[in-house]
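Visitor: upload.txt is reproduced in full below (compact mmCIF, N, CA and C atoms).
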```txt
# COMPACT_ATOMS: atom_id res chain seq x y z
N MET A 18 57.51 84.39 156.14
CA MET A 18 58.40 83.26 156.01
C MET A 18 58.61 82.67 157.39
N SER A 19 58.03 81.51 157.61
CA SER A 19 58.15 80.84 158.89
C SER A 19 59.13 79.68 158.79
N LEU A 20 59.54 79.21 159.95
CA LEU A 20 60.36 78.01 159.99
C LEU A 20 59.48 76.79 159.77
N ASP A 21 60.00 75.83 159.06
CA ASP A 21 59.33 74.55 158.86
C ASP A 21 59.83 73.63 159.96
N VAL A 22 59.08 73.55 161.04
CA VAL A 22 59.52 72.82 162.23
C VAL A 22 59.02 71.39 162.17
N PRO A 23 59.95 70.43 162.14
CA PRO A 23 59.52 69.02 162.15
C PRO A 23 58.73 68.71 163.43
N THR A 24 57.79 67.80 163.31
CA THR A 24 56.93 67.45 164.44
C THR A 24 57.73 67.03 165.66
N ALA A 25 58.75 66.22 165.47
CA ALA A 25 59.55 65.75 166.61
C ALA A 25 60.23 66.90 167.32
N LEU A 26 60.72 67.88 166.57
CA LEU A 26 61.38 69.04 167.19
C LEU A 26 60.37 69.90 167.93
N LEU A 27 59.20 70.08 167.34
CA LEU A 27 58.15 70.85 168.01
C LEU A 27 57.74 70.17 169.32
N GLU A 28 57.62 68.85 169.30
CA GLU A 28 57.26 68.12 170.52
C GLU A 28 58.34 68.28 171.59
N ARG A 29 59.62 68.23 171.19
CA ARG A 29 60.70 68.45 172.16
C ARG A 29 60.65 69.87 172.71
N ALA A 30 60.36 70.83 171.87
CA ALA A 30 60.26 72.23 172.33
C ALA A 30 59.11 72.40 173.31
N GLU A 31 58.01 71.69 173.08
CA GLU A 31 56.87 71.77 173.99
C GLU A 31 57.19 71.17 175.35
N ARG A 32 58.10 70.20 175.38
CA ARG A 32 58.50 69.56 176.65
C ARG A 32 59.63 70.31 177.35
N GLY A 33 60.33 71.16 176.65
CA GLY A 33 61.47 71.87 177.25
C GLY A 33 62.36 72.45 176.17
N ASP A 34 63.57 72.75 176.58
CA ASP A 34 64.52 73.38 175.66
C ASP A 34 65.00 72.42 174.58
N VAL A 35 65.36 73.01 173.44
CA VAL A 35 66.02 72.28 172.37
C VAL A 35 67.45 72.79 172.28
N THR A 36 68.30 72.01 171.67
CA THR A 36 69.70 72.42 171.55
C THR A 36 69.87 73.42 170.42
N ASP A 37 70.96 74.17 170.50
CA ASP A 37 71.30 75.08 169.41
C ASP A 37 71.45 74.31 168.11
N ALA A 38 72.06 73.14 168.17
CA ALA A 38 72.28 72.34 166.96
C ALA A 38 70.94 71.97 166.31
N GLU A 39 69.96 71.57 167.11
CA GLU A 39 68.65 71.23 166.57
C GLU A 39 67.98 72.46 165.95
N PHE A 40 68.07 73.57 166.66
CA PHE A 40 67.46 74.80 166.17
C PHE A 40 68.12 75.27 164.87
N VAL A 41 69.43 75.27 164.85
CA VAL A 41 70.16 75.74 163.67
C VAL A 41 69.88 74.83 162.47
N GLU A 42 69.75 73.54 162.71
CA GLU A 42 69.42 72.61 161.62
C GLU A 42 68.04 72.93 161.06
N CYS A 43 67.10 73.27 161.92
CA CYS A 43 65.77 73.68 161.47
C CYS A 43 65.85 74.95 160.62
N VAL A 44 66.66 75.90 161.06
CA VAL A 44 66.85 77.14 160.29
C VAL A 44 67.47 76.82 158.93
N ARG A 45 68.51 75.99 158.93
CA ARG A 45 69.19 75.64 157.68
C ARG A 45 68.22 75.02 156.67
N ASN A 46 67.36 74.13 157.15
CA ASN A 46 66.40 73.47 156.27
C ASN A 46 65.25 74.39 155.85
N SER A 47 64.86 75.29 156.73
CA SER A 47 63.70 76.16 156.46
C SER A 47 64.04 77.39 155.63
N LEU A 48 65.25 77.90 155.80
CA LEU A 48 65.64 79.16 155.15
C LEU A 48 66.94 78.94 154.37
N PRO A 49 66.91 78.11 153.32
CA PRO A 49 68.16 77.75 152.64
C PRO A 49 68.90 78.92 152.01
N TYR A 50 68.19 79.89 151.47
CA TYR A 50 68.89 81.04 150.88
C TYR A 50 69.60 81.84 151.96
N ALA A 51 68.92 82.12 153.06
CA ALA A 51 69.55 82.86 154.15
C ALA A 51 70.74 82.09 154.69
N TRP A 52 70.58 80.78 154.84
CA TRP A 52 71.68 79.94 155.32
C TRP A 52 72.89 80.07 154.38
N GLU A 53 72.64 80.01 153.08
CA GLU A 53 73.73 80.08 152.11
C GLU A 53 74.47 81.40 152.22
N VAL A 54 73.74 82.50 152.32
CA VAL A 54 74.38 83.82 152.40
C VAL A 54 75.20 83.94 153.68
N VAL A 55 74.61 83.60 154.81
CA VAL A 55 75.33 83.72 156.09
C VAL A 55 76.52 82.76 156.12
N SER A 56 76.32 81.55 155.65
CA SER A 56 77.40 80.57 155.62
C SER A 56 78.57 81.08 154.76
N ARG A 57 78.23 81.66 153.62
CA ARG A 57 79.26 82.16 152.71
C ARG A 57 80.05 83.30 153.32
N VAL A 58 79.35 84.31 153.88
CA VAL A 58 80.11 85.45 154.43
C VAL A 58 80.91 85.03 155.66
N ALA A 59 80.37 84.11 156.46
CA ALA A 59 81.13 83.61 157.61
C ALA A 59 82.38 82.86 157.13
N GLY A 60 82.23 82.07 156.09
CA GLY A 60 83.37 81.35 155.53
C GLY A 60 84.41 82.27 154.93
N GLU A 61 83.95 83.31 154.22
CA GLU A 61 84.88 84.28 153.65
C GLU A 61 85.64 85.01 154.75
N LEU A 62 84.94 85.34 155.82
CA LEU A 62 85.61 86.00 156.94
C LEU A 62 86.70 85.10 157.51
N GLY A 63 86.37 83.84 157.71
CA GLY A 63 87.30 82.90 158.30
C GLY A 63 88.49 82.57 157.43
N SER A 64 88.33 82.70 156.12
CA SER A 64 89.42 82.32 155.22
C SER A 64 90.25 83.49 154.74
N GLY A 65 89.89 84.70 155.13
CA GLY A 65 90.61 85.86 154.65
C GLY A 65 91.23 86.67 155.76
N THR A 66 91.74 87.82 155.37
CA THR A 66 92.37 88.72 156.34
C THR A 66 91.63 90.05 156.45
N ALA A 67 90.51 90.17 155.75
CA ALA A 67 89.72 91.40 155.80
C ALA A 67 89.08 91.57 157.18
N GLU A 68 88.73 92.80 157.50
CA GLU A 68 88.11 93.08 158.80
C GLU A 68 86.69 92.53 158.89
N PHE A 69 86.04 92.36 157.75
CA PHE A 69 84.72 91.76 157.70
C PHE A 69 84.49 91.23 156.29
N ALA A 70 83.47 90.39 156.15
CA ALA A 70 83.05 89.89 154.84
C ALA A 70 81.58 90.20 154.70
N ASP A 71 81.19 90.58 153.48
CA ASP A 71 79.78 90.93 153.30
C ASP A 71 79.24 90.49 151.96
N ASN A 72 77.93 90.43 151.91
CA ASN A 72 77.19 90.10 150.70
C ASN A 72 76.56 91.38 150.17
N GLU A 73 76.80 91.68 148.91
CA GLU A 73 76.18 92.86 148.30
C GLU A 73 75.33 92.50 147.09
N VAL A 74 75.06 91.21 146.92
CA VAL A 74 74.26 90.75 145.79
C VAL A 74 72.81 90.64 146.24
N PRO A 75 71.90 91.34 145.55
CA PRO A 75 70.49 91.25 145.93
C PRO A 75 69.96 89.82 145.79
N PRO A 76 68.99 89.45 146.60
CA PRO A 76 68.38 88.12 146.48
C PRO A 76 67.77 87.94 145.09
N PRO A 77 67.71 86.72 144.60
CA PRO A 77 67.20 86.48 143.26
C PRO A 77 65.69 86.68 143.12
N ASP A 78 64.96 86.59 144.23
CA ASP A 78 63.50 86.74 144.16
C ASP A 78 62.96 87.10 145.54
N GLU A 79 61.66 87.31 145.60
CA GLU A 79 61.03 87.74 146.86
C GLU A 79 61.06 86.64 147.93
N THR A 80 61.02 85.39 147.52
CA THR A 80 61.10 84.30 148.50
C THR A 80 62.45 84.34 149.20
N ALA A 81 63.50 84.48 148.42
CA ALA A 81 64.85 84.55 149.00
C ALA A 81 64.98 85.79 149.89
N ARG A 82 64.47 86.90 149.43
CA ARG A 82 64.51 88.14 150.23
C ARG A 82 63.79 87.94 151.56
N GLY A 83 62.64 87.28 151.52
CA GLY A 83 61.88 87.01 152.73
C GLY A 83 62.65 86.13 153.69
N GLN A 84 63.36 85.14 153.17
CA GLN A 84 64.16 84.27 154.03
C GLN A 84 65.26 85.06 154.74
N LEU A 85 65.93 85.92 154.00
CA LEU A 85 67.00 86.71 154.58
C LEU A 85 66.47 87.66 155.65
N LEU A 86 65.37 88.32 155.34
CA LEU A 86 64.76 89.23 156.32
C LEU A 86 64.32 88.45 157.56
N ARG A 87 63.72 87.29 157.39
CA ARG A 87 63.26 86.48 158.52
C ARG A 87 64.43 86.08 159.41
N ALA A 88 65.49 85.62 158.78
CA ALA A 88 66.65 85.14 159.54
C ALA A 88 67.30 86.26 160.35
N LEU A 89 67.38 87.43 159.78
CA LEU A 89 68.11 88.50 160.46
C LEU A 89 67.22 89.38 161.33
N ALA A 90 65.91 89.28 161.16
CA ALA A 90 65.00 90.06 162.00
C ALA A 90 64.66 89.34 163.29
N SER A 91 64.85 88.04 163.32
CA SER A 91 64.53 87.25 164.51
C SER A 91 65.75 87.18 165.42
N ASP A 92 65.60 87.62 166.65
CA ASP A 92 66.70 87.54 167.60
C ASP A 92 67.16 86.09 167.78
N ALA A 93 66.22 85.17 167.88
CA ALA A 93 66.57 83.76 168.10
C ALA A 93 67.33 83.19 166.91
N ILE A 94 66.83 83.44 165.70
CA ILE A 94 67.49 82.90 164.52
C ILE A 94 68.85 83.55 164.32
N ARG A 95 68.90 84.85 164.38
CA ARG A 95 70.16 85.56 164.20
C ARG A 95 71.17 85.12 165.26
N GLY A 96 70.74 85.03 166.50
CA GLY A 96 71.64 84.59 167.57
C GLY A 96 72.13 83.17 167.36
N GLY A 97 71.24 82.28 166.92
CA GLY A 97 71.64 80.91 166.64
C GLY A 97 72.68 80.83 165.53
N LEU A 98 72.47 81.63 164.48
CA LEU A 98 73.44 81.66 163.39
C LEU A 98 74.78 82.23 163.86
N GLU A 99 74.72 83.28 164.65
CA GLU A 99 75.96 83.88 165.16
C GLU A 99 76.74 82.88 166.03
N ARG A 100 76.05 82.18 166.89
CA ARG A 100 76.72 81.19 167.74
C ARG A 100 77.27 80.04 166.91
N HIS A 101 76.49 79.59 165.94
CA HIS A 101 76.92 78.47 165.10
C HIS A 101 78.19 78.81 164.31
N PHE A 102 78.20 79.98 163.71
CA PHE A 102 79.33 80.37 162.87
C PHE A 102 80.43 81.12 163.64
N GLY A 103 80.16 81.50 164.87
CA GLY A 103 81.16 82.20 165.67
C GLY A 103 81.48 83.58 165.17
N VAL A 104 80.45 84.29 164.68
CA VAL A 104 80.61 85.64 164.14
C VAL A 104 79.53 86.56 164.69
N LYS A 105 79.71 87.83 164.46
CA LYS A 105 78.67 88.83 164.72
C LYS A 105 78.14 89.24 163.36
N LEU A 106 76.83 89.15 163.18
CA LEU A 106 76.21 89.54 161.92
C LEU A 106 75.72 90.98 162.00
N ALA A 107 75.84 91.67 160.90
CA ALA A 107 75.30 93.02 160.76
C ALA A 107 74.51 93.03 159.45
N PHE A 108 73.48 93.87 159.39
CA PHE A 108 72.54 93.82 158.26
C PHE A 108 72.15 95.23 157.84
N GLN A 109 72.23 95.48 156.53
CA GLN A 109 71.76 96.75 155.96
C GLN A 109 70.92 96.43 154.73
N ASN A 110 70.02 97.34 154.40
CA ASN A 110 69.19 97.21 153.21
C ASN A 110 68.44 95.89 153.23
N CYS A 111 68.22 95.33 152.06
CA CYS A 111 67.46 94.08 151.98
C CYS A 111 68.37 92.90 151.75
N HIS A 112 69.66 93.14 151.64
CA HIS A 112 70.53 92.04 151.27
C HIS A 112 71.97 92.15 151.79
N ARG A 113 72.37 93.28 152.27
CA ARG A 113 73.77 93.44 152.68
C ARG A 113 73.96 92.88 154.08
N VAL A 114 74.44 91.66 154.12
CA VAL A 114 74.74 90.96 155.35
C VAL A 114 76.25 90.93 155.49
N ALA A 115 76.73 91.28 156.68
CA ALA A 115 78.16 91.23 156.93
C ALA A 115 78.44 90.36 158.13
N ALA A 116 79.57 89.68 158.08
CA ALA A 116 80.06 88.88 159.20
C ALA A 116 81.32 89.53 159.73
N PHE A 117 81.34 89.75 161.03
CA PHE A 117 82.49 90.34 161.72
C PHE A 117 83.01 89.34 162.74
N PRO A 118 84.31 89.38 163.01
CA PRO A 118 84.79 88.58 164.13
C PRO A 118 84.18 89.12 165.42
N LEU A 119 83.94 88.26 166.38
CA LEU A 119 83.35 88.71 167.65
C LEU A 119 84.20 89.80 168.30
N SER A 120 85.49 89.74 168.10
CA SER A 120 86.39 90.73 168.69
C SER A 120 86.23 92.12 168.07
N ALA A 121 85.55 92.22 166.93
CA ALA A 121 85.38 93.51 166.26
C ALA A 121 84.23 94.33 166.83
N VAL A 122 83.32 93.68 167.57
CA VAL A 122 82.16 94.38 168.12
C VAL A 122 82.64 95.51 169.03
N GLY A 123 82.14 96.69 168.75
CA GLY A 123 82.56 97.87 169.50
C GLY A 123 83.74 98.58 168.88
N GLY A 124 84.40 97.94 167.94
CA GLY A 124 85.55 98.54 167.27
C GLY A 124 85.12 99.54 166.21
N GLU A 125 86.09 100.22 165.64
CA GLU A 125 85.82 101.29 164.68
C GLU A 125 85.11 100.80 163.42
N THR A 126 85.60 99.73 162.81
CA THR A 126 85.00 99.25 161.56
C THR A 126 83.57 98.77 161.77
N TYR A 127 83.35 97.98 162.80
CA TYR A 127 82.01 97.48 163.10
C TYR A 127 81.08 98.64 163.43
N SER A 128 81.53 99.55 164.28
CA SER A 128 80.69 100.69 164.68
C SER A 128 80.35 101.56 163.48
N ARG A 129 81.28 101.72 162.56
CA ARG A 129 81.00 102.51 161.35
C ARG A 129 79.98 101.80 160.48
N PHE A 130 80.11 100.46 160.33
CA PHE A 130 79.19 99.70 159.49
C PHE A 130 77.76 99.80 160.00
N ILE A 131 77.57 99.75 161.31
CA ILE A 131 76.21 99.75 161.87
C ILE A 131 75.70 101.14 162.21
N SER A 132 76.44 102.18 161.87
CA SER A 132 76.06 103.54 162.23
C SER A 132 74.88 104.05 161.39
N PRO A 133 74.09 104.97 161.94
CA PRO A 133 73.02 105.60 161.15
C PRO A 133 73.57 106.25 159.88
N ARG A 134 74.74 106.88 159.98
CA ARG A 134 75.34 107.53 158.81
C ARG A 134 75.57 106.53 157.69
N ASN A 135 76.19 105.40 158.04
CA ASN A 135 76.47 104.39 157.02
C ASN A 135 75.19 103.78 156.47
N GLN A 136 74.17 103.63 157.31
CA GLN A 136 72.88 103.13 156.83
C GLN A 136 72.32 104.07 155.78
N LEU A 137 72.38 105.37 156.05
CA LEU A 137 71.88 106.35 155.09
C LEU A 137 72.69 106.34 153.80
N LEU A 138 73.99 106.21 153.92
CA LEU A 138 74.86 106.21 152.74
C LEU A 138 74.67 104.96 151.88
N ASN A 139 74.12 103.91 152.45
CA ASN A 139 73.90 102.67 151.70
C ASN A 139 72.49 102.56 151.14
N GLN A 140 71.78 103.65 151.07
CA GLN A 140 70.44 103.65 150.48
C GLN A 140 70.53 104.11 149.04
N SER A 141 69.58 103.68 148.27
CA SER A 141 69.45 104.13 146.89
C SER A 141 67.99 103.98 146.52
N PRO A 142 67.55 104.68 145.49
CA PRO A 142 66.13 104.60 145.12
C PRO A 142 65.67 103.18 144.81
N GLU A 143 66.51 102.35 144.18
CA GLU A 143 66.08 101.00 143.84
C GLU A 143 65.98 100.07 145.05
N LEU A 144 66.54 100.47 146.19
CA LEU A 144 66.46 99.64 147.39
C LEU A 144 65.34 100.05 148.34
N ARG A 145 64.62 101.09 148.02
CA ARG A 145 63.62 101.58 148.96
C ARG A 145 62.46 100.62 149.19
N ASN A 146 62.16 99.76 148.25
CA ASN A 146 61.06 98.81 148.42
C ASN A 146 61.52 97.42 148.81
N CYS A 147 62.78 97.29 149.12
CA CYS A 147 63.26 95.93 149.39
C CYS A 147 63.10 95.56 150.85
```
Since I need it in another form, could you write the structure as structure tokens?
Guide:
Amino acid sequence: MSLDVPTALLERAERGDVTDAEFVECVRNSLPYAWEVVSRVAGELGSGTAEFADNEVPPPDETARGQLLRALASDAIRGGLERHFGVKLAFQNCHRVAAFPLSAVGGETYSRFISPRNQLLNQSPELRNC
């Protein structure tokens, strides 16, 4: 799953840096399912009082799964999304995306969520191929 980079943006990138806004817009257009999931959990975090917000609904198909994996596996894409939404993203399995406030990084809840123990506890036979 690659980004669909408009010609004008690619030409600007070849000449020098592009803005975060341009990059994030490219991500939004290229990876709409991933954008929707990240946007939703970031919005839920911002509108609630919970320590984090997360998605536990599996993607509807392999295309959507690929978009989510692409977005969160790329340092540039993940970083752009984090800066855009003002959150720290954490990822488990093939679909569990969580948004944390930046102030939570290093804290107990965030550290527990990203721990090897919690990763193991969030596995199940049906998720092994995702």
Visitor: I want to know what sits within 12 Å of Leu27 (chain A), based on only C-alpha atoms, with residues of the same chain fewer than 6 positions away left out; could you give that as a ChimeraX atom specification?
Guide: /A:20-21,33-35,39-40,43
Visitor: Need the shell around region 102-116 of chain A: protein/DNA/RNA residues with any atom at most 6.5 Å away, counting all atoms listed in the file. Skip same-chain ones fewer than 5 positions apart. Format as a PyMOL selection string?
Guide: chain A and resi 58-59+62+68-76+82+97+147
Visitor: Tell me which of A:Asp92, A:Glu53, A:Glu99, A:Glu79 sits closest to Phe117 (chain A), counting only C-alpha atoms.
Guide: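 Of A:Asp92, A:Glu53, A:Glu99, A:Glu79, the one nearest Phe117 (chain A), counting only C-alpha atoms, is A:Glu99.
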Visitor: So, with only C-alpha atoms as the atoms that count, which of A:Leu137, A:Leu26, A:Ala81, A:Leu98 lies closest to Tyr50 (chain A)?
Guide: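 The closest residue to Tyr50 (chain A) is A:Ala81.
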Visitor: Can you check which residues of region 70-115 of chain A DSSP gives as helix (DSSP H, G or I) on the backbone and send them as an MDAnalysis selection string?
Guide: chainID A and resid 79:90 92:102
Visitor: Record the distance separating atom N of Ser132 (chain A) and atom C of Leu85 (chain A), expressed in Å with one decimal.
Guide: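 Distance reported for this atom pair: 18.7 Å.
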Visitor: Do you have the CA of Gln84 (chain A)-atom N of Ala51 (chain A) distance handy?
Guide: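 Atom-to-atom, CA of Gln84 (chain A) and atom N of Ala51 (chain A) are spaced 5.3 Å apart.
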Visitor: Given only C-alpha atoms as the basis, pick out the residue of A:Val22, A:Arg134, A:Arg29, A:Val122 nearest to Val41 (chain A).
Guide: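 The shortest atom-to-atom distance to Val41 (chain A) comes from A:Val22.
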Visitor: Taking only chain A into account, list the residues labelled strand (DSSP E) by DSSP (computed from the backbone), as a list in words.
Guide: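 Everything in chain A that counts as strand (DSSP E) is Ala70, Asp71, Asn72, Val104, Lys105, Leu106, Ala107, Phe108, Gln109, Arg113, Val114, Ala115, Ala116, Phe117 and Pro118 of chain A.
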Visitor: Point out the residue among A:Leu119, A:Val55, A:Leu48, A:Ala93 with the least atom-to-atom distance to Ser19 (chain A), counting all atoms listed in the file.
Guide: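 Looking only at the distances to Ser19 (chain A), the closest residue turns out to be A:Leu48.
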Visitor: Between CA of Arg45 (chain A) and CA of Gly65 (chain A), what is the distance in Å, rounded to a tenth?
Guide: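 Interatomic distance here is 23.9 Å.
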